[in-house]
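Okay, run26.cif is below, mmCIF, C-alpha atoms and all ligand atoms:
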```cif
data_run
#
loop_
_atom_site.label_atom_id
_atom_site.label_comp_id
_atom_site.auth_asym_id
_atom_site.auth_seq_id
_atom_site.Cartn_x
_atom_site.Cartn_y
_atom_site.Cartn_z
CA MET A 1 27.97 -48.68 2.93
CA ALA A 2 25.30 -50.15 5.22
CA GLU A 3 21.98 -51.17 3.72
CA TYR A 4 19.08 -49.85 5.82
CA PHE A 5 16.20 -51.58 4.06
CA PRO A 6 17.71 -55.01 3.33
CA ARG A 7 14.36 -56.81 3.16
CA VAL A 8 13.00 -54.47 0.46
CA LYS A 9 13.92 -54.59 -3.23
CA ALA A 10 12.98 -51.97 -5.83
CA ILE A 11 9.20 -51.36 -5.76
CA LYS A 12 7.57 -52.26 -9.08
CA TYR A 13 4.20 -51.66 -10.66
CA GLU A 14 2.29 -54.97 -10.61
CA GLY A 15 -1.24 -53.83 -11.46
CA PRO A 16 -4.52 -53.69 -9.53
CA ASP A 17 -4.76 -57.46 -8.99
CA SER A 18 -1.40 -57.79 -7.26
CA LYS A 19 -1.50 -58.86 -3.63
CA ASN A 20 2.12 -57.89 -3.04
CA PRO A 21 2.16 -55.19 -0.32
CA LEU A 22 5.51 -53.99 -1.62
CA ALA A 23 4.27 -53.24 -5.15
CA PHE A 24 2.32 -50.46 -6.81
CA LYS A 25 -1.20 -51.38 -7.85
CA HIS A 26 -2.00 -48.11 -9.63
CA TYR A 27 1.11 -45.98 -9.88
CA ASP A 28 2.77 -46.94 -13.11
CA PRO A 29 5.39 -44.22 -13.62
CA LYS A 30 5.59 -44.67 -17.39
CA ARG A 31 1.86 -44.87 -18.04
CA LYS A 32 0.60 -41.94 -20.10
CA VAL A 33 -2.40 -40.01 -18.82
CA GLY A 34 -3.22 -37.40 -21.43
CA GLY A 35 0.06 -36.10 -22.81
CA LYS A 36 2.26 -36.87 -19.82
CA THR A 37 3.39 -39.91 -17.86
CA MET A 38 2.18 -40.45 -14.30
CA ALA A 39 5.67 -39.63 -13.03
CA GLU A 40 5.68 -36.33 -14.93
CA HIS A 41 2.22 -35.37 -13.70
CA LEU A 42 2.67 -36.26 -10.05
CA ARG A 43 6.32 -35.32 -9.40
CA PHE A 44 6.39 -37.14 -6.06
CA ALA A 45 8.91 -36.09 -3.45
CA VAL A 46 9.99 -37.81 -0.23
CA CYS A 47 10.42 -35.49 2.75
CA TYR A 48 13.52 -35.79 4.86
CA TRP A 49 12.21 -34.49 8.18
CA HIS A 50 9.26 -36.74 9.02
CA SER A 51 10.51 -39.77 7.14
CA PHE A 52 14.17 -39.82 8.22
CA ARG A 53 14.44 -37.64 11.32
CA GLY A 54 11.08 -38.01 13.01
CA ALA A 55 11.00 -41.03 15.32
CA GLY A 56 7.36 -40.61 16.36
CA ALA A 57 7.71 -38.41 19.46
CA ASP A 58 4.53 -36.62 20.53
CA PRO A 59 3.76 -34.28 23.47
CA PHE A 60 3.12 -37.33 25.64
CA GLY A 61 6.06 -39.55 24.82
CA VAL A 62 9.37 -40.09 23.10
CA GLY A 63 9.98 -41.58 19.66
CA THR A 64 9.06 -45.19 18.98
CA ARG A 65 10.43 -46.00 15.52
CA THR A 66 13.49 -48.01 14.63
CA MET A 67 15.82 -45.65 12.78
CA PRO A 68 19.17 -47.42 12.58
CA TRP A 69 20.71 -44.57 10.58
CA LEU A 70 20.45 -42.25 13.60
CA ASP A 71 22.53 -44.65 15.66
CA ALA A 72 26.06 -43.16 15.58
CA ALA A 73 28.82 -41.91 17.87
CA ASP A 74 28.41 -38.29 16.72
CA GLU A 75 25.89 -36.07 14.99
CA MET A 76 27.80 -35.68 11.73
CA THR A 77 28.16 -39.44 11.30
CA ALA A 78 24.43 -39.80 11.95
CA ALA A 79 23.80 -37.08 9.33
CA GLU A 80 25.88 -38.95 6.75
CA GLN A 81 24.14 -42.25 7.53
CA THR A 82 20.74 -40.58 7.27
CA LEU A 83 21.59 -39.32 3.81
CA ASP A 84 22.57 -42.88 2.81
CA ALA A 85 19.29 -44.25 4.19
CA CYS A 86 17.21 -41.56 2.49
CA PHE A 87 18.72 -42.09 -0.94
CA GLU A 88 18.52 -45.89 -0.58
CA PHE A 89 14.83 -45.51 0.29
CA ILE A 90 14.00 -43.09 -2.54
CA SER A 91 15.89 -45.21 -5.10
CA LYS A 92 14.01 -48.34 -4.05
CA LEU A 93 10.70 -46.49 -4.06
CA GLY A 94 11.39 -45.08 -7.52
CA VAL A 95 10.47 -41.49 -6.68
CA GLY A 96 12.05 -38.61 -8.59
CA PHE A 97 12.47 -35.95 -5.89
CA TRP A 98 13.32 -35.16 -2.28
CA CYS A 99 12.84 -32.13 0.02
CA PHE A 100 14.76 -31.02 3.11
CA HIS A 101 15.27 -28.36 5.79
CA ASP A 102 18.86 -27.28 6.50
CA ARG A 103 18.70 -28.71 10.02
CA ASP A 104 17.26 -32.06 8.90
CA ILE A 105 20.31 -32.87 6.85
CA ALA A 106 23.04 -31.28 8.97
CA PRO A 107 23.21 -30.39 12.66
CA GLU A 108 23.41 -26.83 13.97
CA GLY A 109 27.05 -26.05 14.87
CA ALA A 110 28.67 -23.98 17.63
CA ASP A 111 28.18 -20.72 15.70
CA VAL A 112 26.97 -19.41 12.33
CA ASP A 113 30.11 -20.47 10.43
CA ASP A 114 30.27 -23.87 12.07
CA SER A 115 26.62 -24.51 11.11
CA ALA A 116 27.37 -23.44 7.53
CA ARG A 117 30.34 -25.84 7.40
CA ASN A 118 28.19 -28.74 8.58
CA LEU A 119 25.60 -27.96 5.95
CA GLU A 120 28.15 -27.60 3.15
CA HIS A 121 29.71 -30.93 4.04
CA ILE A 122 26.41 -32.83 3.79
CA VAL A 123 25.25 -30.90 0.73
CA LYS A 124 28.39 -31.98 -1.15
CA LEU A 125 27.61 -35.60 -0.31
CA ALA A 126 23.98 -35.05 -1.35
CA LYS A 127 25.11 -33.71 -4.72
CA LYS A 128 27.03 -36.90 -5.34
CA LYS A 129 24.01 -38.99 -4.28
CA GLN A 130 21.82 -37.06 -6.72
CA ARG A 131 24.32 -37.64 -9.50
CA ASP A 132 24.58 -41.37 -8.76
CA THR A 133 20.82 -41.98 -8.51
CA GLY A 134 19.25 -39.36 -10.80
CA ILE A 135 17.06 -38.19 -7.88
CA LYS A 136 16.44 -34.44 -7.94
CA LEU A 137 15.69 -31.82 -5.33
CA LEU A 138 12.11 -30.51 -5.45
CA TRP A 139 12.72 -27.84 -2.83
CA GLY A 140 14.88 -26.87 0.09
CA THR A 141 13.99 -24.78 3.12
CA ALA A 142 15.40 -23.50 6.39
CA ASN A 143 14.19 -24.62 9.80
CA LEU A 144 13.47 -21.31 11.54
CA PHE A 145 11.29 -22.78 14.27
CA SER A 146 13.07 -25.50 16.29
CA HIS A 147 15.89 -23.53 17.89
CA PRO A 148 14.90 -21.75 21.15
CA ARG A 149 16.18 -18.42 19.74
CA TYR A 150 13.16 -18.40 17.41
CA ARG A 151 10.63 -18.54 20.26
CA SER A 152 9.22 -15.10 19.41
CA GLY A 153 9.51 -15.67 15.66
CA ALA A 154 12.30 -15.62 13.07
CA ALA A 155 11.71 -12.83 10.50
CA THR A 156 9.00 -11.51 12.85
CA ALA A 157 11.02 -11.80 16.07
CA CYS A 158 10.93 -9.02 18.64
CA ASN A 159 14.71 -8.57 18.30
CA PRO A 160 16.61 -7.98 15.00
CA HIS A 161 19.55 -10.01 16.29
CA VAL A 162 17.30 -13.07 15.94
CA VAL A 163 16.46 -11.99 12.38
CA ALA A 164 20.19 -11.91 11.63
CA HIS A 165 20.44 -15.60 12.51
CA ALA A 166 17.39 -16.38 10.38
CA ALA A 167 19.00 -14.46 7.51
CA SER A 168 22.14 -16.53 7.76
CA GLN A 169 20.13 -19.75 7.67
CA VAL A 170 18.02 -18.67 4.68
CA LYS A 171 21.10 -17.49 2.79
CA ARG A 172 22.92 -20.79 3.36
CA ALA A 173 19.83 -22.87 2.61
CA LEU A 174 19.37 -20.95 -0.65
CA ASP A 175 23.02 -21.59 -1.56
CA ALA A 176 22.48 -25.29 -0.84
CA THR A 177 19.24 -25.43 -2.83
CA LYS A 178 20.87 -23.74 -5.81
CA TYR A 179 23.93 -26.00 -5.65
CA LEU A 180 21.66 -29.07 -5.63
CA GLY A 181 19.66 -27.78 -8.60
CA GLY A 182 16.46 -27.39 -6.56
CA SER A 183 13.32 -26.68 -8.48
CA GLY A 184 12.03 -24.41 -5.71
CA TYR A 185 12.47 -23.05 -2.22
CA VAL A 186 9.79 -23.01 0.51
CA PHE A 187 9.09 -20.46 3.22
CA TRP A 188 6.86 -21.98 5.85
CA GLY A 189 6.15 -19.48 8.64
CA GLY A 190 7.14 -21.74 11.52
CA ARG A 191 7.03 -19.37 14.50
CA GLU A 192 5.88 -16.35 12.43
CA GLY A 193 2.65 -15.57 14.26
CA TYR A 194 1.59 -14.74 17.79
CA GLU A 195 0.51 -16.27 21.07
CA SER A 196 -1.06 -13.06 22.44
CA LEU A 197 -1.99 -9.78 20.82
CA LEU A 198 -1.39 -8.02 24.14
CA HIS A 199 2.37 -8.08 23.60
CA THR A 200 2.44 -8.27 19.78
CA ASP A 201 2.87 -5.42 17.31
CA MET A 202 1.27 -7.31 14.44
CA ALA A 203 1.63 -4.52 11.85
CA ARG A 204 5.33 -4.10 12.57
CA GLU A 205 5.99 -7.85 12.53
CA LEU A 206 4.27 -8.23 9.15
CA ASP A 207 6.33 -5.33 7.75
CA HIS A 208 9.44 -7.17 8.91
CA LEU A 209 8.30 -10.36 7.20
CA GLY A 210 7.69 -8.46 3.95
CA ARG A 211 11.13 -6.84 4.19
CA PHE A 212 12.79 -10.18 4.93
CA LEU A 213 11.22 -11.86 1.91
CA HIS A 214 12.43 -9.00 -0.32
CA MET A 215 15.93 -9.61 1.01
CA ALA A 216 15.59 -13.28 0.13
CA LEU A 217 14.52 -12.27 -3.39
CA ASP A 218 17.52 -9.96 -3.69
CA TYR A 219 19.79 -12.79 -2.62
CA LYS A 220 18.10 -15.15 -5.08
CA LYS A 221 18.95 -12.70 -7.87
CA LYS A 222 22.46 -12.21 -6.58
CA ILE A 223 23.28 -15.93 -6.69
CA ARG A 224 21.20 -16.42 -9.87
CA PHE A 225 18.99 -19.09 -8.38
CA GLY A 226 16.32 -19.86 -10.98
CA GLY A 227 13.98 -21.88 -8.72
CA GLN A 228 10.48 -20.88 -7.69
CA PHE A 229 9.83 -19.32 -4.27
CA PHE A 230 6.86 -20.81 -2.42
CA ILE A 231 4.99 -19.75 0.72
CA GLU A 232 3.25 -22.53 2.65
CA PRO A 233 0.02 -21.46 4.39
CA LYS A 234 -0.90 -22.83 7.81
CA PRO A 235 -3.38 -21.28 10.27
CA LYS A 236 -2.06 -22.44 13.64
CA GLU A 237 0.56 -24.70 15.24
CA PRO A 238 2.95 -23.92 16.64
CA THR A 239 1.56 -20.41 17.22
CA LYS A 240 -2.08 -19.65 18.00
CA HIS A 241 -2.28 -17.59 14.82
CA GLN A 242 0.21 -17.97 11.98
CA TYR A 243 0.51 -14.94 9.69
CA ASP A 244 0.37 -17.19 6.59
CA SER A 245 -2.94 -18.61 7.80
CA ASP A 246 -4.45 -19.72 4.50
CA ALA A 247 -4.14 -19.20 0.75
CA ALA A 248 -6.22 -16.02 0.82
CA ALA A 249 -4.25 -14.49 3.71
CA CYS A 250 -0.98 -15.28 1.90
CA HIS A 251 -2.34 -13.73 -1.29
CA ALA A 252 -3.29 -10.52 0.54
CA PHE A 253 0.13 -10.40 2.19
CA LEU A 254 1.97 -10.97 -1.10
CA GLN A 255 -0.03 -8.23 -2.78
CA LYS A 256 0.45 -5.72 0.03
CA TYR A 257 4.21 -6.21 0.04
CA ASP A 258 4.58 -6.33 -3.75
CA LEU A 259 5.73 -9.94 -3.75
CA VAL A 260 2.93 -11.58 -5.69
CA LYS A 261 4.81 -11.95 -8.95
CA ASP A 262 7.74 -13.70 -7.29
CA PHE A 263 5.98 -16.21 -5.05
CA LYS A 264 3.60 -19.09 -5.46
CA LEU A 265 1.95 -21.19 -2.76
CA ASN A 266 2.77 -24.64 -1.47
CA ILE A 267 -0.63 -25.88 -0.34
CA GLU A 268 -0.67 -28.57 2.36
CA ALA A 269 -3.84 -30.63 2.69
CA ASN A 270 -3.88 -30.79 6.49
CA HIS A 271 -3.13 -27.07 6.80
CA ALA A 272 -6.12 -26.21 4.62
CA THR A 273 -8.40 -28.35 6.79
CA LEU A 274 -6.94 -26.80 9.96
CA ALA A 275 -7.91 -23.43 8.47
CA GLY A 276 -11.48 -24.68 8.21
CA HIS A 277 -11.31 -25.22 4.45
CA GLU A 278 -11.41 -28.24 2.24
CA PHE A 279 -8.02 -29.08 0.68
CA MET A 280 -9.70 -28.39 -2.65
CA HIS A 281 -10.67 -24.87 -1.52
CA ASP A 282 -7.14 -23.69 -0.88
CA LEU A 283 -5.93 -25.33 -4.09
CA MET A 284 -8.68 -23.64 -6.05
CA TYR A 285 -8.15 -20.25 -4.41
CA ALA A 286 -4.48 -20.45 -5.35
CA ALA A 287 -5.21 -21.68 -8.88
CA ASP A 288 -7.80 -18.94 -9.46
CA ASN A 289 -5.23 -16.34 -8.48
CA LYS A 290 -2.40 -17.92 -10.50
CA ILE A 291 -0.34 -18.69 -7.42
CA LEU A 292 -0.73 -22.47 -7.19
CA GLY A 293 2.81 -23.78 -7.12
CA SER A 294 3.26 -27.01 -5.21
CA VAL A 295 1.57 -29.34 -2.76
CA ASP A 296 2.43 -30.97 0.55
CA ALA A 297 0.42 -34.14 0.19
CA ASN A 298 -0.98 -35.49 3.43
CA ARG A 299 -4.27 -35.57 5.32
CA GLY A 300 -5.64 -34.78 8.76
CA ASP A 301 -8.10 -36.58 10.98
CA THR A 302 -11.33 -34.67 11.53
CA LEU A 303 -11.70 -36.22 14.97
CA LEU A 304 -8.33 -34.86 16.08
CA GLY A 305 -8.05 -31.12 15.78
CA TRP A 306 -4.33 -30.90 15.05
CA ASP A 307 -1.88 -31.33 12.18
CA THR A 308 -1.70 -35.13 12.20
CA ASP A 309 0.19 -35.16 8.87
CA GLN A 310 -1.04 -38.60 7.86
CA PHE A 311 -0.23 -40.18 4.53
CA PRO A 312 -3.00 -39.48 2.01
CA THR A 313 -5.19 -42.49 1.27
CA ASN A 314 -8.57 -40.93 0.49
CA ILE A 315 -9.19 -41.39 -3.23
CA TYR A 316 -12.11 -38.98 -3.25
CA GLU A 317 -9.82 -36.23 -1.98
CA THR A 318 -6.91 -37.05 -4.27
CA ALA A 319 -9.30 -36.99 -7.25
CA LEU A 320 -10.69 -33.58 -6.25
CA ALA A 321 -7.18 -32.24 -5.70
CA MET A 322 -5.90 -33.57 -9.03
CA MET A 323 -8.89 -32.07 -10.78
CA VAL A 324 -7.88 -28.59 -9.60
CA ILE A 325 -4.19 -29.21 -10.33
CA LEU A 326 -4.84 -30.53 -13.85
CA LYS A 327 -7.23 -27.70 -14.66
CA ALA A 328 -4.57 -25.23 -13.54
CA GLY A 329 -2.20 -26.78 -16.10
CA GLY A 330 -0.39 -29.23 -13.82
CA PHE A 331 2.88 -28.80 -11.96
CA THR A 332 5.79 -26.98 -13.52
CA LYS A 333 8.31 -26.39 -10.73
CA GLY A 334 6.20 -27.90 -7.96
CA GLY A 335 5.17 -31.44 -7.16
CA LEU A 336 3.55 -33.64 -4.52
CA ASN A 337 5.75 -33.74 -1.46
CA PHE A 338 4.84 -36.31 1.16
CA ASP A 339 5.03 -34.03 4.18
CA ALA A 340 3.52 -36.88 6.17
CA LYS A 341 4.56 -38.99 9.09
CA LEU A 342 4.06 -42.56 10.11
CA ARG A 343 1.73 -43.22 13.01
CA ARG A 344 3.49 -43.73 16.30
CA GLN A 345 2.70 -47.44 16.33
CA SER A 346 4.23 -48.01 12.89
CA VAL A 347 7.70 -48.84 14.07
CA ASP A 348 9.31 -51.01 11.38
CA VAL A 349 11.45 -49.63 8.54
CA GLU A 350 9.10 -51.35 6.06
CA ASP A 351 6.21 -49.19 7.29
CA LEU A 352 7.79 -46.24 5.51
CA PHE A 353 7.42 -48.15 2.23
CA TYR A 354 3.81 -49.16 2.86
CA ALA A 355 2.94 -45.54 3.66
CA HIS A 356 4.48 -44.12 0.50
CA ILE A 357 3.19 -46.90 -1.76
CA GLY A 358 -0.38 -46.35 -0.55
CA ALA A 359 -0.13 -42.59 -0.93
CA MET A 360 1.34 -42.84 -4.43
CA ASP A 361 -1.35 -45.30 -5.49
CA ALA A 362 -4.03 -42.99 -4.05
CA PHE A 363 -2.73 -40.06 -6.10
CA ALA A 364 -2.28 -42.19 -9.23
CA ARG A 365 -5.95 -43.17 -8.96
CA GLY A 366 -6.92 -39.58 -8.27
CA LEU A 367 -5.02 -38.50 -11.38
CA VAL A 368 -6.74 -41.03 -13.64
CA ILE A 369 -10.19 -40.18 -12.26
CA ALA A 370 -9.65 -36.42 -12.53
CA HIS A 371 -8.25 -36.70 -16.04
CA GLN A 372 -11.27 -38.71 -17.19
CA ILE A 373 -13.77 -36.30 -15.61
CA ILE A 374 -12.06 -33.36 -17.31
CA LYS A 375 -11.76 -35.20 -20.63
CA ASP A 376 -15.44 -36.15 -20.62
CA LYS A 377 -16.38 -32.62 -19.55
CA ALA A 378 -18.58 -34.43 -17.05
CA LEU A 379 -19.04 -31.43 -14.78
CA ASP A 380 -18.68 -28.56 -17.27
CA LYS A 381 -22.25 -28.89 -18.50
CA PHE A 382 -23.60 -28.36 -14.98
CA VAL A 383 -21.46 -25.33 -14.32
CA ASN A 384 -22.15 -23.78 -17.73
CA ASP A 385 -25.89 -24.33 -17.27
CA ARG A 386 -25.81 -22.83 -13.81
CA TYR A 387 -24.32 -19.57 -15.05
CA LYS A 388 -25.88 -19.45 -18.50
CA THR A 389 -28.02 -16.38 -17.72
CA TRP A 390 -24.78 -14.44 -17.32
CA ASN A 391 -24.43 -14.72 -21.11
CA SER A 392 -27.53 -12.57 -21.53
CA ASP A 393 -27.40 -8.88 -22.33
CA LEU A 394 -27.88 -8.04 -18.66
CA GLY A 395 -25.10 -10.41 -17.53
CA ARG A 396 -22.59 -9.23 -20.10
CA LYS A 397 -23.22 -5.55 -19.40
CA PHE A 398 -22.78 -6.21 -15.66
CA GLU A 399 -19.53 -8.07 -16.16
CA LYS A 400 -18.17 -5.31 -18.37
CA GLY A 401 -18.95 -2.70 -15.71
CA LYS A 402 -21.57 -1.04 -17.88
CA LEU A 403 -24.40 -1.00 -15.32
CA THR A 404 -25.32 1.05 -12.28
CA LEU A 405 -27.44 0.16 -9.26
CA ASP A 406 -30.19 2.41 -10.68
CA GLN A 407 -30.25 0.47 -13.96
CA LEU A 408 -30.29 -2.85 -12.14
CA GLU A 409 -33.20 -1.71 -10.01
CA ALA A 410 -35.08 -0.67 -13.15
CA TYR A 411 -34.48 -4.18 -14.57
CA ALA A 412 -35.80 -5.83 -11.41
CA ARG A 413 -38.88 -3.61 -11.49
CA LYS A 414 -39.61 -4.42 -15.10
CA HIS A 415 -39.00 -8.21 -14.96
CA GLY A 416 -40.46 -9.18 -11.58
CA GLU A 417 -39.21 -12.34 -9.80
CA PRO A 418 -36.18 -14.23 -11.25
CA ALA A 419 -36.11 -17.98 -11.97
CA VAL A 420 -33.31 -19.58 -9.95
CA PRO A 421 -32.61 -23.12 -11.20
CA SER A 422 -31.95 -26.25 -9.11
CA GLY A 423 -28.36 -26.51 -7.86
CA ARG A 424 -28.42 -30.25 -8.64
CA GLN A 425 -25.76 -30.88 -6.00
CA GLU A 426 -26.77 -34.48 -5.29
CA LEU A 427 -26.89 -35.36 -8.98
CA ILE A 428 -23.46 -33.82 -9.56
CA GLU A 429 -22.04 -35.69 -6.57
CA ASN A 430 -23.40 -38.90 -8.07
CA VAL A 431 -21.80 -38.10 -11.42
CA PHE A 432 -18.48 -37.52 -9.67
CA ASN A 433 -18.77 -40.76 -7.70
CA ASP A 434 -19.46 -42.75 -10.85
CA TYR A 435 -15.91 -41.98 -11.93
CA ILE A 436 -14.34 -43.38 -8.78
CA LYS A 437 -13.33 -46.83 -9.82
C1 LIG A 501 4.82 -27.89 9.10
C2 LIG A 501 5.13 -27.67 7.70
C3 LIG A 501 6.58 -27.91 7.33
C4 LIG A 501 6.88 -27.30 5.99
C5 LIG A 501 8.32 -27.07 5.72
O1 LIG A 501 3.68 -27.99 9.52
O2 LIG A 501 4.28 -28.44 6.92
O3 LIG A 501 6.85 -29.28 7.35
O4 LIG A 501 6.34 -28.06 4.96
O5 LIG A 501 8.92 -26.25 6.65
NI NI A 502 4.44 -28.82 4.89
NI NI A 503 1.74 -29.98 8.32
#
```
Is it possible to express this structure as structure tokens?
Ligand code: XLS
Ligand code: NI
Ligand code: NI
Amino acid sequence: MAEYFPRVKAIKYEGPDSKNPLAFKHYDPKRKVGGKTMAEHLRFAVCYWHSFRGAGADPFGVGTRTMPWLDAADEMTAAEQTLDACFEFISKLGVGFWCFHDRDIAPEGADVDDSARNLEHIVKLAKKKQRDTGIKLLWGTANLFSHPRYRSGAATACNPHVVAHAASQVKRALDATKYLGGSGYVFWGGREGYESLLHTDMARELDHLGRFLHMALDYKKKIRFGGQFFIEPKPKEPTKHQYDSDAAACHAFLQKYDLVKDFKLNIEANHATLAGHEFMHDLMYAADNKILGSVDANRGDTLLGWDTDQFPTNIYETALAMMVILKAGGFTKGGLNFDAKLRRQSVDVEDLFYAHIGAMDAFARGLVIAHQIIKDKALDKFVNDRYKTWNSDLGRKFEKGKLTLDQLEAYARKHGEPAVPSGRQELIENVFNDYIK
């Protein structure tokens, strides 16, 4: 079997003083933070699509990266080589999980059955790879956006014949995910959205999406797949408006279609920022509503308005994110999937290692910082103080639903002007920054 990263050996933890670019400075998988090791907390996953299939093409030019595994006489040989390269990479990186779309790992065939055969062939090889390396599947998914047939949507297409193809893909991708012992399964809306409301029956399309997800749940039960279903919010790209636009929109959708107990969210950093939110906002919205499931770890660029899917390097952001994740109890079936791509000028195979090492170190630091802030209760005092008047008789009665507008008005009349304390935002930001070491 060919070696695709011959100049790279297994990546080790060497500590913060190491100058070795191919070593971890902060991610020490066995180091305990609180009750769990870093590896258990962070549950890193490598994504197949950007890292092994994406050569750096953009709307202005073709791919630029060297990807020797794609060099083959036919598509199936390339698919087998890509699997070899991916598992060699993940083993050397020392990550526990991977994620894939059906069409990343196996090419679309001449018809539905041919496509299913291609997928089954690669999935069998993947199972053996998992057994040999101990690497596990975090989640699988179906690509319901690349093929031209999905141009008007997949589950929300204007023709049910298209939905039938989407159904076949989801069914087969669920079979594959179950067979590989996947911890979860992701639905990202891809083309589920609209370009113009003038030709779109939005209510009908959303009903179709709700129906489709119920069918997926029925199939999950039928095959006894025990993994978690996730929906991944994103506001735009490729469509002008995606139905799963942010965590709150997904929550409303899940509630309306009676799906909320069966789905959690896979929050992607760059999608939250595209929606006009901080990454932390969508994480917190999901956590508050008990639907935080997993994370696509990346970052955007505020000066570019699109989904740049860069590797996360901002320690401030990883600390804020880990604070929400830890407070929500940490990951159970989810993890941190590097849904991120190399920049177009990063063309060497080693660049994939640098990118992941930096991102893993950034999250390891974020984890340690967040854990310490929570342990020291460094922010709790400020929040408790801010809301302490809610513990008064008035506050308690209000929260228990024991007051009316008339009674509140009487209180205001009797007590005059309220004292509203300083928000102390700058001080709290300083306290937070003091933990970033
Ligand atoms: C695209 C999405 C996609 C999902 C999986 O923007 O992030 O990569 O994570 O379909
Ligand atoms: Ni994603
Ligand atoms: Ni993205």
At most 10 Å is the cut-off: for each residue in chain A with any atom that close to an atom of ligand NI 503 (chain A), write down the nearest atom pair and the distance in Å rounded to one decimal, counting all atoms listed in the file, chain first then increasing number, as a Markdown table.
```
| residue | atom | partner | partner_atom | distance |
| --- | --- | --- | --- | --- |
| A:Trp188 | CA | A:NI503 | NI | 9.8 |
| A:Glu232 | CA | A:NI503 | NI | 9.5 |
| A:Pro233 | CA | A:NI503 | NI | 9.5 |
| A:Lys234 | CA | A:NI503 | NI | 7.6 |
| A:Lys236 | CA | A:NI503 | NI | 10.0 |
| A:Glu237 | CA | A:NI503 | NI | 8.8 |
| A:Ile267 | CA | A:NI503 | NI | 9.9 |
| A:Glu268 | CA | A:NI503 | NI | 6.6 |
| A:Ala269 | CA | A:NI503 | NI | 8.0 |
| A:Asn270 | CA | A:NI503 | NI | 6.0 |
| A:His271 | CA | A:NI503 | NI | 5.9 |
| A:Ala272 | CA | A:NI503 | NI | 9.5 |
| A:Leu274 | CA | A:NI503 | NI | 9.4 |
| A:Asp296 | CA | A:NI503 | NI | 7.9 |
| A:Ala297 | CA | A:NI503 | NI | 9.2 |
| A:Asn298 | CA | A:NI503 | NI | 7.9 |
| A:Arg299 | CA | A:NI503 | NI | 8.7 |
| A:Gly300 | CA | A:NI503 | NI | 8.8 |
| A:Trp306 | CA | A:NI503 | NI | 9.1 |
| A:Asp307 | CA | A:NI503 | NI | 5.5 |
| A:Thr308 | CA | A:NI503 | NI | 7.3 |
| A:Asp309 | CA | A:NI503 | NI | 5.4 |
| A:Gln310 | CA | A:NI503 | NI | 9.1 |
| A:Asp339 | CA | A:NI503 | NI | 6.7 |
| A:Ala340 | CA | A:NI503 | NI | 7.4 |
| A:Lys341 | CA | A:NI503 | NI | 9.5 |
```
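Atom to atom, CA of Met76 in chain A and CA of His161 in chain A stand 27.3 Å apart.
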Give as a ChimeraX atom specification every residue, naming chains and numbers as the document does, that has an atom within 10 Å of (-10.2, -28.1, -0.9), counting all atoms listed in the file.
-> /A:267,269,272-273,276-285,317,320-321,324
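Neighbouring residues of Glu88 in chain A at 8 Å or closer, counting all atoms listed in the file and skipping chain neighbours under 6 positions away, are Glu3, Tyr4 and Phe5 of chain A.
Closest to Gly193 in chain A among A:Gly366, A:Gly15, A:Gly153, A:Gly226 is A:Gly153, based on only C-alpha atoms.
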Of the candidates A:Gly330, A:Gly305, A:Gly189, A:Gly227, which one gets nearest to Met38 in chain A if we count all atoms listed in the file?
->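 Going through A:Gly330, A:Gly305, A:Gly189, A:Gly227 one by one, the smallest distance to Met38 in chain A is for A:Gly330.
Among the candidates A:Phe87, A:Gly395, A:Ala55, A:Pro21, the residue lying nearest to Ala355 in chain A is A:Pro21 (atoms considered: all atoms listed in the file).
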Give as number ranges by chain the set of residues within 12 Å of the point (-17.6, -43.3, -12.0), where distances use the file's coordinates and only C-alpha atoms.
-> A: 316, 319, 366, 368-370, 372-373, 376, 378, 428-437
Residue rebuild result range 88-93 of chain A, N, CA, C and O atoms as an mmCIF file, in the frame of the given file:
```
data_model
loop_
_atom_site.group_PDB
_atom_site.id
_atom_site.type_symbol
_atom_site.label_atom_id
_atom_site.label_comp_id
_atom_site.auth_asym_id
_atom_site.auth_seq_id
_atom_site.Cartn_x
_atom_site.Cartn_y
_atom_site.Cartn_z
ATOM 1 N N GLU A 88 18.839 -44.465 -0.343
ATOM 2 C CA GLU A 88 18.520 -45.890 -0.580
ATOM 3 C C GLU A 88 16.995 -46.047 -0.678
ATOM 4 O O GLU A 88 16.470 -46.705 -1.592
ATOM 5 N N PHE A 89 16.291 -45.412 0.251
ATOM 6 C CA PHE A 89 14.830 -45.510 0.290
ATOM 7 C C PHE A 89 14.216 -44.950 -1.003
ATOM 8 O O PHE A 89 13.392 -45.593 -1.654
ATOM 9 N N ILE A 90 14.624 -43.737 -1.379
ATOM 10 C CA ILE A 90 14.000 -43.090 -2.540
ATOM 11 C C ILE A 90 14.301 -43.892 -3.810
ATOM 12 O O ILE A 90 13.439 -44.055 -4.675
ATOM 13 N N SER A 91 15.533 -44.411 -3.910
ATOM 14 C CA SER A 91 15.890 -45.210 -5.100
ATOM 15 C C SER A 91 15.005 -46.448 -5.174
ATOM 16 O O SER A 91 14.489 -46.787 -6.232
ATOM 17 N N LYS A 92 14.829 -47.121 -4.043
ATOM 18 C CA LYS A 92 14.010 -48.340 -4.050
ATOM 19 C C LYS A 92 12.548 -48.032 -4.340
ATOM 20 O O LYS A 92 11.845 -48.813 -4.970
ATOM 21 N N LEU A 93 12.099 -46.879 -3.861
ATOM 22 C CA LEU A 93 10.700 -46.490 -4.060
ATOM 23 C C LEU A 93 10.467 -46.020 -5.508
ATOM 24 O O LEU A 93 9.340 -46.089 -6.019
#
```
